[in-house]
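Source file: entry.cif. Holds: mmCIF, C-alpha atoms and all ligand atoms.
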data_query
loop_
_atom_site.label_atom_id
_atom_site.label_comp_id
_atom_site.auth_asym_id
_atom_site.auth_seq_id
_atom_site.Cartn_x
_atom_site.Cartn_y
_atom_site.Cartn_z
CA MET A 27 0.00 0.00 0.00
CA PHE A 28 0.99 3.61 -0.48
CA ASP A 29 1.13 6.45 1.98
CA SER A 30 1.53 10.13 1.35
CA ASP A 31 5.19 10.14 2.45
CA SER A 32 6.30 7.61 -0.14
CA TYR A 33 3.96 8.57 -2.96
CA HIS A 34 4.49 11.90 -4.70
CA LEU A 35 2.01 12.07 -7.57
CA TRP A 36 -1.06 14.15 -6.80
CA HIS A 37 -3.96 13.39 -9.08
CA GLY A 38 -7.69 13.20 -9.56
CA ASN A 39 -10.48 15.24 -8.07
CA ALA A 40 -11.14 12.62 -5.41
CA PRO A 41 -9.48 13.05 -2.03
CA MET A 42 -6.11 11.27 -2.14
CA ALA A 43 -7.10 9.33 0.99
CA ASP A 44 -9.53 7.34 -1.17
CA PHE A 45 -6.70 6.46 -3.50
CA PHE A 46 -4.45 5.31 -0.66
CA ARG A 47 -7.29 3.18 0.73
CA ASP A 48 -8.46 1.63 -2.56
CA SER A 49 -5.28 1.08 -4.56
CA ASP A 50 -2.37 -1.29 -4.62
CA PRO A 51 1.22 -0.61 -5.69
CA ASP A 52 0.88 -2.47 -8.98
CA MET A 53 -2.19 -0.67 -10.30
CA PHE A 54 -0.27 1.83 -12.45
CA LEU A 55 -1.25 1.48 -16.08
CA VAL A 56 1.72 0.65 -18.25
CA SER A 57 0.35 -0.29 -21.68
CA GLY A 58 -2.74 -0.32 -23.83
CA ALA A 59 -3.99 -2.01 -27.01
CA GLY A 60 -7.38 -1.84 -28.69
CA SER A 61 -9.98 -1.07 -26.01
CA ARG A 62 -7.86 -2.55 -23.20
CA VAL A 63 -5.15 -1.35 -20.83
CA ARG A 64 -2.76 -3.32 -18.67
CA ASP A 65 -1.35 -2.48 -15.24
CA ALA A 66 2.09 -3.08 -13.75
CA ALA A 67 0.97 -6.42 -12.32
CA GLY A 68 -0.06 -7.58 -15.80
CA ARG A 69 -3.79 -7.35 -15.07
CA GLU A 70 -5.84 -6.41 -18.11
CA TYR A 71 -8.82 -4.05 -17.94
CA LEU A 72 -11.48 -3.35 -20.51
CA ASP A 73 -11.43 0.45 -20.60
CA ALA A 74 -15.12 1.40 -20.75
CA ARG A 75 -14.28 5.01 -19.95
CA SER A 76 -11.66 5.48 -22.73
CA SER A 77 -9.23 7.02 -20.24
CA MET A 78 -11.08 10.31 -19.58
CA TRP A 79 -13.70 9.69 -22.30
CA ASN A 80 -11.16 10.77 -24.91
CA VAL A 81 -9.38 7.68 -26.30
CA THR A 82 -12.09 7.33 -28.91
CA LEU A 83 -10.06 5.27 -31.39
CA GLY A 84 -8.59 2.92 -28.80
CA TYR A 85 -4.95 2.51 -27.89
CA SER A 86 -3.72 1.04 -31.17
CA CYS A 87 -4.62 3.61 -33.80
CA GLU A 88 -1.56 3.26 -36.03
CA PRO A 89 -2.33 6.10 -38.49
CA VAL A 90 -2.47 8.59 -35.64
CA LYS A 91 0.73 7.29 -34.05
CA ALA A 92 2.51 7.36 -37.41
CA ALA A 93 1.43 10.95 -38.13
CA MET A 94 2.66 12.07 -34.72
CA ARG A 95 6.02 10.32 -35.18
CA ALA A 96 6.46 11.86 -38.62
CA GLN A 97 5.70 15.33 -37.30
CA LEU A 98 8.17 14.82 -34.47
CA ASP A 99 10.89 14.29 -37.06
CA VAL A 100 10.23 17.42 -39.13
CA LEU A 101 9.04 20.09 -36.66
CA PRO A 102 8.59 18.91 -33.07
CA SER A 103 7.33 22.20 -31.66
CA GLY A 104 5.80 25.54 -32.63
CA THR A 105 3.07 27.93 -31.54
CA VAL A 106 0.05 29.79 -32.84
CA MET A 107 -0.02 32.08 -29.83
CA ARG A 108 2.05 35.03 -31.12
CA TYR A 109 4.26 36.28 -33.91
CA GLU A 110 3.86 35.80 -37.60
CA HIS A 111 5.06 32.24 -38.02
CA PRO A 112 2.26 29.83 -37.26
CA THR A 113 3.06 26.32 -38.41
CA ARG A 114 1.82 25.05 -41.73
CA VAL A 115 0.46 21.91 -40.09
CA ALA A 116 -1.77 24.12 -37.89
CA ALA A 117 -3.06 26.16 -40.83
CA GLU A 118 -3.78 23.04 -42.86
CA TYR A 119 -5.49 21.21 -40.02
CA ALA A 120 -7.64 24.28 -39.17
CA ALA A 121 -8.84 24.41 -42.79
CA ARG A 122 -9.71 20.73 -42.75
CA LEU A 123 -11.44 20.91 -39.38
CA ALA A 124 -13.47 23.95 -40.48
CA ALA A 125 -14.55 22.03 -43.58
CA ALA A 126 -15.74 19.15 -41.40
CA LEU A 127 -17.89 21.46 -39.25
CA PRO A 128 -21.27 22.90 -40.16
CA GLY A 129 -21.69 26.05 -42.20
CA PRO A 130 -20.61 29.31 -40.67
CA LEU A 131 -18.20 27.76 -38.13
CA ASP A 132 -15.15 28.44 -40.20
CA HIS A 133 -12.47 29.93 -37.95
CA ILE A 134 -10.65 27.78 -35.43
CA ARG A 135 -8.62 28.62 -32.34
CA PHE A 136 -6.63 25.77 -30.87
CA GLY A 137 -5.88 25.11 -27.23
CA ASN A 138 -4.72 22.27 -25.04
CA THR A 139 -7.69 21.54 -22.80
CA GLY A 140 -11.43 21.74 -22.93
CA SER A 141 -11.50 24.06 -19.91
CA GLN A 142 -9.13 26.45 -21.65
CA MET A 143 -11.46 26.57 -24.65
CA THR A 144 -14.77 26.99 -22.77
CA GLU A 145 -13.14 29.91 -20.97
CA ALA A 146 -11.87 31.26 -24.29
CA ALA A 147 -15.39 30.99 -25.76
CA ALA A 148 -16.98 32.96 -22.93
CA MET A 149 -14.20 35.57 -23.03
CA LEU A 150 -14.40 35.83 -26.80
CA SER A 151 -18.14 36.45 -26.57
CA ARG A 152 -17.50 39.29 -24.11
CA PHE A 153 -14.61 40.62 -26.19
CA HIS A 154 -16.82 40.65 -29.26
CA ARG A 155 -19.34 42.83 -27.39
CA ARG A 156 -16.62 45.29 -26.47
CA MET A 157 -15.56 45.50 -30.10
CA THR A 158 -19.11 45.93 -31.36
CA GLY A 159 -20.39 48.61 -29.00
CA GLU A 160 -22.27 46.47 -26.47
CA PRO A 161 -19.79 46.33 -23.55
CA GLU A 162 -22.61 45.96 -21.04
CA ARG A 163 -23.25 42.41 -22.33
CA THR A 164 -21.08 40.50 -19.86
CA HIS A 165 -23.27 37.77 -18.35
CA VAL A 166 -22.96 34.16 -19.43
CA ILE A 167 -25.70 31.66 -18.59
CA THR A 168 -25.21 27.93 -18.21
CA VAL A 169 -27.50 25.12 -17.10
CA LYS A 170 -27.51 23.37 -13.74
CA GLY A 171 -25.96 19.93 -14.02
CA SER A 172 -23.68 20.88 -16.91
CA TYR A 173 -19.91 20.39 -16.90
CA HIS A 174 -17.67 22.86 -18.70
CA GLY A 175 -14.35 22.23 -16.97
CA THR A 176 -12.41 23.85 -14.16
CA GLY A 177 -10.66 27.21 -13.83
CA PRO A 178 -11.78 30.61 -12.55
CA LEU A 179 -14.23 31.00 -15.41
CA ALA A 180 -14.73 27.35 -16.44
CA THR A 181 -15.64 26.29 -12.88
CA ALA A 182 -18.20 29.09 -12.80
CA LEU A 183 -19.55 27.84 -16.16
CA THR A 184 -19.85 24.32 -14.75
CA GLY A 185 -23.37 24.20 -13.34
CA GLU A 186 -22.60 22.05 -10.31
CA GLU A 187 -22.97 23.71 -6.95
CA VAL A 188 -20.29 21.61 -5.28
CA PHE A 189 -17.68 22.91 -7.72
CA HIS A 190 -18.68 26.48 -6.93
CA ARG A 191 -18.75 26.01 -3.18
CA PHE A 192 -15.22 24.67 -2.99
CA SER A 193 -13.63 26.94 -5.59
CA ALA A 194 -15.13 30.35 -4.82
CA PRO A 195 -14.61 33.19 -5.49
CA LEU A 196 -15.44 32.70 -9.15
CA ASP A 197 -16.51 34.88 -12.07
CA ARG A 198 -19.57 36.82 -10.80
CA PHE A 199 -20.97 37.29 -14.27
CA VAL A 200 -21.79 33.64 -14.84
CA ARG A 201 -25.26 32.52 -13.76
CA THR A 202 -26.73 29.01 -13.69
CA ALA A 203 -30.31 28.40 -14.85
CA PRO A 204 -32.34 25.53 -13.38
CA THR A 205 -32.21 22.27 -15.37
CA PRO A 206 -35.19 22.22 -17.72
CA ASP A 207 -37.74 19.47 -17.70
CA PHE A 208 -36.78 17.67 -20.90
CA THR A 209 -39.80 15.36 -20.95
CA ASP A 210 -42.13 15.58 -23.89
CA GLY A 211 -44.86 16.95 -21.66
CA ASP A 212 -43.02 20.25 -21.19
CA ASP A 213 -43.83 22.50 -24.15
CA ASP A 214 -41.65 25.39 -22.92
CA PRO A 215 -38.37 23.85 -21.69
CA VAL A 216 -36.36 26.96 -22.55
CA ARG A 217 -38.37 28.94 -19.99
CA PRO A 218 -35.87 28.58 -17.09
CA VAL A 219 -33.07 30.10 -19.21
CA LEU A 220 -35.36 32.85 -20.54
CA ASP A 221 -36.55 33.68 -17.03
CA LEU A 222 -32.93 34.14 -16.00
CA VAL A 223 -32.28 36.25 -19.11
CA ASP A 224 -35.24 38.45 -18.12
CA GLU A 225 -34.01 38.71 -14.55
CA ILE A 226 -30.54 39.82 -15.66
CA GLY A 227 -31.84 41.88 -18.59
CA ALA A 228 -31.33 40.53 -22.12
CA GLU A 229 -29.15 43.51 -23.02
CA ARG A 230 -26.66 42.42 -20.33
CA VAL A 231 -26.40 38.78 -21.42
CA THR A 232 -23.67 37.91 -23.89
CA ALA A 233 -23.94 34.12 -24.21
CA VAL A 234 -25.62 30.90 -23.19
CA MET A 235 -23.40 27.82 -23.01
CA VAL A 236 -24.93 24.39 -23.33
CA GLU A 237 -23.86 20.73 -23.57
CA PRO A 238 -25.92 18.75 -26.11
CA VAL A 239 -25.71 15.78 -23.74
CA LEU A 240 -25.38 16.62 -20.06
CA GLY A 241 -22.27 14.48 -19.69
CA THR A 242 -22.23 14.09 -15.94
CA PHE A 243 -25.62 12.34 -16.00
CA VAL A 244 -25.37 11.15 -19.62
CA GLN A 245 -28.65 12.92 -20.24
CA PRO A 246 -29.32 13.81 -23.88
CA VAL A 247 -30.78 17.26 -24.39
CA PRO A 248 -33.65 17.06 -26.90
CA HIS A 249 -32.91 18.75 -30.20
CA ARG A 250 -36.21 20.62 -30.01
CA TYR A 251 -34.86 22.24 -26.83
CA LEU A 252 -31.58 23.19 -28.48
CA ASP A 253 -33.41 24.51 -31.56
CA ALA A 254 -35.71 26.62 -29.39
CA LEU A 255 -32.79 27.85 -27.29
CA ILE A 256 -30.86 29.00 -30.35
CA ALA A 257 -33.92 30.71 -31.84
CA GLU A 258 -34.79 32.53 -28.60
CA CYS A 259 -31.18 33.60 -28.04
CA ARG A 260 -30.86 34.85 -31.63
CA ALA A 261 -33.99 36.93 -31.16
CA ARG A 262 -32.32 38.60 -28.17
CA GLY A 263 -28.85 38.99 -29.69
CA ILE A 264 -27.33 36.40 -27.33
CA HIS A 265 -24.58 34.05 -28.53
CA VAL A 266 -25.08 30.31 -28.16
CA ILE A 267 -21.95 28.31 -27.37
CA ALA A 268 -22.29 24.55 -27.78
CA ASP A 269 -19.84 22.64 -25.61
CA GLU A 270 -19.20 19.54 -27.72
CA ILE A 271 -16.00 18.55 -25.95
CA THR A 272 -17.44 15.12 -25.17
CA THR A 273 -20.14 14.77 -27.82
CA GLY A 274 -18.01 15.97 -30.76
CA ALA A 275 -15.54 14.13 -32.99
CA GLY A 276 -17.69 11.03 -33.18
CA ARG A 277 -18.80 10.15 -29.66
CA ALA A 278 -22.43 11.10 -30.27
CA GLY A 279 -22.30 9.30 -33.63
CA ALA A 280 -21.49 12.34 -35.80
CA MET A 281 -18.83 15.03 -36.11
CA THR A 282 -21.05 17.28 -33.96
CA VAL A 283 -24.56 17.29 -32.56
CA SER A 284 -24.75 20.93 -33.70
CA GLU A 285 -24.85 19.90 -37.36
CA ARG A 286 -28.15 18.12 -36.74
CA LEU A 287 -29.87 21.22 -35.36
CA ALA A 288 -32.16 23.59 -37.23
CA ASP A 289 -29.60 26.38 -36.85
CA VAL A 290 -25.89 26.33 -36.03
CA PRO A 291 -24.64 27.72 -32.68
CA ASP A 292 -22.38 30.79 -32.81
CA MET A 293 -19.44 28.89 -31.36
CA VAL A 294 -18.68 25.21 -30.85
CA VAL A 295 -16.03 23.89 -28.45
CA LEU A 296 -14.32 20.59 -29.22
CA GLY A 297 -11.74 18.56 -27.27
CA LYS A 298 -11.25 15.01 -26.02
CA GLY A 299 -11.81 12.84 -29.14
CA LEU A 300 -10.39 15.55 -31.43
CA SER A 301 -6.95 13.97 -30.99
CA ALA A 302 -8.37 10.62 -29.78
CA GLY A 303 -6.59 11.51 -26.54
CA TYR A 304 -3.15 11.00 -28.11
CA PHE A 305 -2.14 14.61 -27.46
CA PRO A 306 -3.67 17.46 -25.40
CA LEU A 307 -5.87 19.21 -27.94
CA ALA A 308 -9.03 21.30 -27.90
CA ALA A 309 -10.53 23.75 -30.35
CA LEU A 310 -12.93 26.66 -30.46
CA ALA A 311 -14.80 26.99 -33.76
CA VAL A 312 -16.19 30.47 -34.29
CA SER A 313 -18.86 31.51 -36.75
CA ARG A 314 -17.98 33.94 -39.49
CA PRO A 315 -20.09 36.91 -38.26
CA ILE A 316 -18.25 36.90 -34.92
CA TYR A 317 -14.85 36.46 -36.53
CA ASP A 318 -15.52 39.17 -39.09
CA ALA A 319 -16.68 41.64 -36.44
CA LEU A 320 -13.40 41.13 -34.57
CA HIS A 321 -11.12 41.34 -37.53
CA GLY A 322 -12.63 44.12 -39.60
CA THR A 323 -10.07 46.72 -40.59
CA GLU A 324 -11.20 49.21 -37.93
CA HIS A 325 -10.08 46.97 -35.06
CA ARG A 326 -6.41 46.80 -34.21
CA VAL A 327 -6.74 45.04 -30.85
CA GLY A 328 -6.00 41.33 -30.59
CA PHE A 329 -7.98 38.89 -28.45
CA LEU A 330 -5.48 38.58 -25.62
CA ASN A 331 -6.02 34.94 -24.81
CA GLY A 332 -3.84 31.92 -25.48
CA SER A 333 -1.08 29.68 -24.21
CA THR A 334 2.42 28.75 -25.34
CA THR A 335 1.60 25.31 -26.68
CA ASP A 336 -1.65 26.23 -28.50
CA GLY A 337 -1.67 24.61 -31.92
CA HIS A 338 1.28 22.40 -31.01
CA PRO A 339 2.45 20.63 -34.20
CA ILE A 340 2.25 17.15 -32.69
CA GLY A 341 -1.35 17.83 -31.66
CA MET A 342 -2.10 19.23 -35.11
CA ALA A 343 -0.68 16.11 -36.75
CA ALA A 344 -2.66 13.90 -34.37
CA GLY A 345 -5.84 15.90 -34.98
CA ALA A 346 -5.47 15.73 -38.75
CA ALA A 347 -4.87 11.97 -38.65
CA VAL A 348 -7.91 11.48 -36.39
CA LEU A 349 -9.96 13.54 -38.80
CA ASP A 350 -8.90 11.22 -41.63
CA VAL A 351 -10.14 8.23 -39.64
CA ILE A 352 -13.43 9.65 -38.41
CA THR A 353 -14.49 11.35 -41.64
CA ALA A 354 -13.84 8.25 -43.74
CA PRO A 355 -17.09 7.14 -45.38
CA GLY A 356 -19.23 5.06 -43.04
CA PHE A 357 -17.26 5.75 -39.84
CA PHE A 358 -19.99 7.59 -37.94
CA GLU A 359 -22.61 5.11 -39.13
CA ASP A 360 -20.41 2.33 -37.83
CA VAL A 361 -20.13 4.09 -34.43
CA ARG A 362 -23.92 4.34 -34.26
CA ASP A 363 -24.26 0.63 -35.12
CA ARG A 364 -21.69 -0.42 -32.52
CA ALA A 365 -23.37 1.80 -29.90
CA ALA A 366 -26.79 0.28 -30.72
CA ALA A 367 -25.33 -3.22 -30.41
CA LEU A 368 -23.77 -2.37 -27.04
CA ARG A 369 -27.03 -0.86 -25.78
CA ASP A 370 -29.01 -3.94 -26.86
CA ALA A 371 -26.48 -6.25 -25.24
CA LEU A 372 -26.61 -4.25 -22.00
CA ARG A 373 -30.43 -4.26 -21.95
CA ASP A 374 -30.51 -8.03 -22.57
CA GLY A 375 -27.63 -8.95 -20.33
CA LEU A 376 -28.71 -6.85 -17.35
CA SER A 377 -32.48 -7.42 -17.59
CA ASP A 378 -32.43 -9.55 -14.41
CA VAL A 379 -30.75 -6.83 -12.31
CA PRO A 380 -33.54 -4.87 -10.59
CA ALA A 381 -31.33 -1.85 -9.81
CA VAL A 382 -30.83 -1.18 -13.54
CA ARG A 383 -33.74 1.07 -14.46
CA ALA A 384 -32.67 2.09 -17.95
CA VAL A 385 -29.80 2.14 -20.40
CA GLY A 386 -29.77 5.72 -21.63
CA GLY A 387 -27.52 8.21 -23.39
CA GLU A 388 -26.75 9.03 -27.00
CA GLY A 389 -24.33 7.44 -29.45
CA MET A 390 -21.36 5.91 -27.65
CA MET A 391 -22.24 7.82 -24.45
CA ILE A 392 -24.11 5.31 -22.37
CA GLY A 393 -25.67 5.81 -18.95
CA ILE A 394 -26.65 2.80 -16.84
CA GLU A 395 -29.35 4.33 -14.66
CA LEU A 396 -29.37 2.82 -11.18
CA ALA A 397 -32.12 3.13 -8.58
CA TYR A 398 -32.90 1.60 -5.18
CA ARG A 399 -36.05 -0.42 -4.65
CA ASP A 400 -37.91 2.73 -3.57
CA GLY A 401 -37.08 4.36 -6.93
CA THR A 402 -34.53 6.89 -5.66
CA PRO A 403 -31.29 7.13 -7.66
CA TRP A 404 -28.17 5.49 -6.27
CA SER A 405 -25.94 7.78 -4.23
CA LEU A 406 -22.51 8.82 -5.43
CA THR A 407 -21.03 6.59 -2.73
CA ASP A 408 -22.79 3.54 -4.14
CA THR A 409 -22.00 4.26 -7.79
CA ASN A 410 -18.37 4.80 -6.78
CA ARG A 411 -18.36 1.51 -4.87
CA LEU A 412 -19.80 -0.17 -7.95
CA ARG A 413 -17.05 1.42 -10.04
CA LEU A 414 -14.47 -0.14 -7.73
CA ALA A 415 -16.25 -3.51 -7.94
CA CYS A 416 -16.17 -3.24 -11.74
CA ARG A 417 -12.46 -2.47 -11.57
CA ASP A 418 -11.97 -5.63 -9.52
CA HIS A 419 -13.70 -7.49 -12.37
CA GLY A 420 -11.33 -5.90 -14.89
CA LEU A 421 -13.68 -3.19 -16.15
CA LEU A 422 -12.92 0.55 -15.92
CA THR A 423 -15.94 2.88 -15.75
CA SER A 424 -16.82 6.39 -14.62
CA PHE A 425 -19.43 7.09 -11.92
CA SER A 426 -22.01 9.73 -11.14
CA VAL A 427 -25.10 10.17 -8.95
CA GLY A 428 -27.64 7.55 -10.04
CA VAL A 429 -25.70 6.69 -13.18
CA LEU A 430 -22.78 4.54 -14.20
CA PRO A 431 -21.50 6.27 -17.35
CA LEU A 432 -19.92 4.01 -19.98
CA MET A 433 -17.78 5.83 -22.53
CA PRO A 434 -15.98 3.01 -24.34
CA THR A 435 -13.90 3.48 -27.45
CA LEU A 436 -15.89 4.13 -30.63
CA VAL A 437 -14.28 1.06 -32.15
CA ILE A 438 -15.26 -1.45 -29.45
CA ASP A 439 -15.73 -4.81 -31.17
CA PRO A 440 -18.33 -7.56 -30.56
CA PRO A 441 -16.09 -9.70 -28.28
CA ASP A 442 -15.35 -6.66 -26.12
CA VAL A 443 -19.05 -5.76 -26.06
CA ALA A 444 -19.86 -9.26 -24.75
CA ASP A 445 -17.03 -9.05 -22.24
CA LEU A 446 -18.11 -5.62 -21.02
CA VAL A 447 -21.66 -6.81 -20.38
CA ALA A 448 -20.42 -9.99 -18.65
CA ARG A 449 -18.02 -8.10 -16.35
CA LEU A 450 -20.56 -5.41 -15.49
CA GLY A 451 -23.22 -8.06 -14.88
CA LYS A 452 -20.94 -9.94 -12.47
CA ALA A 453 -20.05 -6.78 -10.58
CA LEU A 454 -23.72 -5.73 -10.33
CA ARG A 455 -25.04 -9.12 -9.25
CA ASP A 456 -22.52 -9.41 -6.41
CA PHE A 457 -23.00 -5.83 -5.29
CA ARG A 458 -24.87 -4.77 -2.16
CA PRO A 459 -25.77 -1.05 -2.29
CA GLY A 460 -26.32 1.04 0.85
CA LYS A 461 -30.13 0.86 0.47
CA PRO A 462 -32.22 -2.10 -0.81
CA ALA A 463 -31.79 -2.44 -4.57
C1 LIG A 501 -18.59 18.83 -21.81
C2 LIG A 501 -17.24 19.11 -21.25
N1 LIG A 501 -16.80 20.37 -21.19
C3 LIG A 501 -15.58 20.66 -20.72
C4 LIG A 501 -14.73 19.69 -20.24
C5 LIG A 501 -13.38 20.06 -19.72
O1 LIG A 501 -12.39 19.59 -20.57
P1 LIG A 501 -10.89 19.35 -20.00
O2 LIG A 501 -10.99 18.28 -18.96
O3 LIG A 501 -10.11 18.95 -21.21
O4 LIG A 501 -10.43 20.64 -19.43
C6 LIG A 501 -15.17 18.36 -20.26
C7 LIG A 501 -14.31 17.29 -19.70
O5 LIG A 501 -14.77 16.31 -19.15
C8 LIG A 501 -16.44 18.06 -20.77
O6 LIG A 501 -16.91 16.80 -20.79
#
If you took the structure in this file and wrote it as structure tokens, what would it be?
Amino acid sequence: MFDSDSYHLWHGNAPMADFFRDSDPDMFLVSGAGSRVRDAAGREYLDARSSMWNVTLGYSCEPVKAAMRAQLDVLPSGTVMRYEHPTRVAAEYAARLAAALPGPLDHIRFGNTGSQMTEAAAMLSRFHRRMTGEPERTHVITVKGSYHGTGPLATALTGEEVFHRFSAPLDRFVRTAPTPDFTDGDDDPVRPVLDLVDEIGAERVTAVMVEPVLGTFVQPVPHRYLDALIAECRARGIHVIADEITTGAGRAGAMTVSERLADVPDMVVLGKGLSAGYFPLAALAVSRPIYDALHGTEHRVGFLNGSTTDGHPIGMAAGAAVLDVITAPGFFEDVRDRAAALRDALRDGLSDVPAVRAVGGEGMMIGIELAYRDGTPWSLTDTNRLRLACRDHGLLTSFSVGVLPLMPTLVIDPPDVADLVARLGKALRDFRPGKPA
């Protein structure tokens, strides 16, 4: 076992005491292949969380590895942050990424993390207002239960009270609207956001940020809600920023969810699967009207936001190679088929487990909804204990209140699907939650 005197890595959001209690000295991951990883003791795990939901193409994607190696040989570093020498690989990849995104989203800023890019999106929205004579538009609205990362602004954007409580003080100009009722019965689900807009004053709101699937609970947001949100925001001059860090680059079964909507959001944030997790990479795609307003000839001020390694050539090479894979004909269709097969197998294989109330989610974002016998959702403690039980059965998962999120690779094959269901089934059948299941 470890203790804090002999162990020097600090990681995770969980208290380190949990790690010291639940881990053993050989649990470090040392290799990966396909959808599986192996630890220092030689134990193999089926990685149903794709590292941090980002290793979308598995651990053996040779074209991506080869592109990264080749880039390492010709230009191993570079920046798009300052000066007049961006790298060619960044310019070429930006053009290709823009072409893969819907309509007006045709200018791309690169960053290293999703949090960096959600912050950049909110700041860019505010900056745009300053440049276009509406400096009083400073407020950004997000939805309770959403996750947009961590950082002084990103934590504020994340609509989870616990994040705010422990990280305050945060950006005062971010407000969280109640989670809408997404059931079909609610014919005005945008109302909670609009009520908050009215309370603040529409002329003081610059943007609304939204996840097309609330990732923490793997809860898909109906497209009719997103369509209505975009229309109502447009009518009030408010930007809509779609956070597609998890849903984008294939996980929801398409390049973006945004491309399936009636109208395209003003900005889209991508991350995670953009580089299949092979390099830190995120991107902010900005629609032409916003870009043009910033870069008209009358403005000589830059958007002072960026970091040294933005647009790093190895990340650009990885991103371009991932794009080749995921935009190949039939790839997204194949993801949707594999996700449907996994969902069916989970429904069949877990039908005898009373705690499993539903298998939800969208595309290859799957939420196993867990409830006690009285119908209340499992506590975070119980879903975390189940996660550990899964780990002991060689299956890596995420956990959340009332939900066990499964975010496997997009290329999970039929034997791994069967294995996943078998391992999860074993863990669930042996498990005793805190309250009767
Ligand atoms: C929807 C969403 N937004 C933002 C983030 C933050 O991205 P990162 O962890 O790369 O900072 C995440 C990461 O889980 C996410 O899922």
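The smallest atom-to-atom distance between A:Ala280 and any of A:Tyr71, A:Tyr317, A:Phe28, A:Phe358, using all atoms listed in the file, is found for A:Phe358.
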Counting all atoms listed in the file, write as a list in words all protein and nucleic acid residues lying at most 6 Å from (-18.7, -0.2, -24.9) in the file's frame.
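Here the neighbourhood of the point contains Ala74, Leu368, Pro434, Ile438 and Val443 of chain A.
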Export of the given selection (C-alpha atoms) as a short mmCIF file (atom, residue, chain, number, x, y, z; two decimals), in the coordinates of the input:
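Okay, result-v3.cif is ready:
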data_model
loop_
_atom_site.label_atom_id
_atom_site.label_comp_id
_atom_site.auth_asym_id
_atom_site.auth_seq_id
_atom_site.Cartn_x
_atom_site.Cartn_y
_atom_site.Cartn_z
CA ALA A 74 -15.12 1.40 -20.75
CA LEU A 368 -23.77 -2.37 -27.04
CA PRO A 434 -15.98 3.01 -24.34
CA ILE A 438 -15.26 -1.45 -29.45
CA VAL A 443 -19.05 -5.76 -26.06
#
At most 10 Å from ligand LIG 501 (chain A) (all atoms listed in the file): residue list as a PyMOL selection string
chain A and resi 78-80+137-145+172-177+180-181+183-184+236-242+268-274+295-298+303+306-308
A:Met342, A:Met157, A:Asp253, A:Asp318: which is nearest A:Leu98, counting all atoms listed in the file?
A:Met342
Residue with smallest distance to A:Ser103 - pool A:Ala116, A:Leu372, A:Ala288, A:Ala309, counting all atoms listed in the file:
A:Ala116
Near A:Met281, within 8 Å and counting all atoms listed in the file, which residues show up once chain neighbours fewer than 5 positions away are dropped, as a PyMOL selection string?
chain A and resi 126-127+274-276+352-353+358
Export of prior selection with C-alpha atoms as a PDB file, in the coordinates of the input:
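The resulting file, selection26.pdb, is reproduced below:
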ATOM      1  CA  ALA A 126     -15.740  19.150 -41.400  1.00  0.00           C
ATOM      2  CA  LEU A 127     -17.890  21.460 -39.250  1.00  0.00           C
ATOM      3  CA  GLY A 274     -18.010  15.970 -30.760  1.00  0.00           C
ATOM      4  CA  ALA A 275     -15.540  14.130 -32.990  1.00  0.00           C
ATOM      5  CA  GLY A 276     -17.690  11.030 -33.180  1.00  0.00           C
ATOM      6  CA  ILE A 352     -13.430   9.650 -38.410  1.00  0.00           C
ATOM      7  CA  THR A 353     -14.490  11.350 -41.640  1.00  0.00           C
ATOM      8  CA  PHE A 358     -19.990   7.590 -37.940  1.00  0.00           C
TER       9      PHE A 358
END
Atom CA of A:Asp292 sits from atom CA of A:Leu252 at a separation of 12.7 Å
Enter the distance from atom CA of A:Phe153 to atom CA of A:Leu179, in Å, rounded to one decimal.
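These atoms are spaced 14.5 Å apart.
Comparing the minimum interatomic distances between A:Arg62 and each of A:Thr113, A:Gln97, A:Ser76, A:Thr409, counting all atoms listed in the file, we find that A:Ser76 sits nearest.
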Using all atoms listed in the file: which of A:Lys91, A:His165, A:Arg250, A:Arg191 has the shortest distance to A:Gly227:
A:His165
Within 7 Å of (-22.8, 6.3, -22.5), all atoms listed in the file: residues as an NGL selection string?
:A and (244 or 387-388 or 390-393 or 431-433)
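Between atom CA of A:Ala311 and atom CA of A:Met293 lies a distance of 5.6 Å.
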Non-local contacts of A:Ser57 (12 Å; all atoms listed in the file; under 5 positions in same chain excluded) as JSON, numbers by chain
{"A": [62, 63, 64, 65, 66, 67, 68, 69, 70, 71, 73, 84, 85, 86]}
Give me the residues near stretch 396-398 of chain A as a ChimeraX atom specification, where near means some atom within 7 Å (using only C-alpha atoms) and where sequence neighbours in that chain fewer than 6 positions away do not count.
/A:381-383,404,428-429,461-463
A:Thr82, A:Thr164, A:Thr423, A:Ser284: which is nearest A:Pro248, counting all atoms listed in the file?
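Checking each candidate against A:Pro248, we get A:Ser284 as the closest.
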For stretch 417-419 of chain A: contacts at 8 Å, all atoms listed in the file, fewer than 6 positions along chain excluded, given as an MDAnalysis selection string
chainID A and resid 71 449:450 452:453
A:Gly375 environment, 9 Å, only C-alpha atoms, sequence neighbours closer than 5 positions dropped, as a ChimeraX atom specification:
/A:370,444,447-448,451
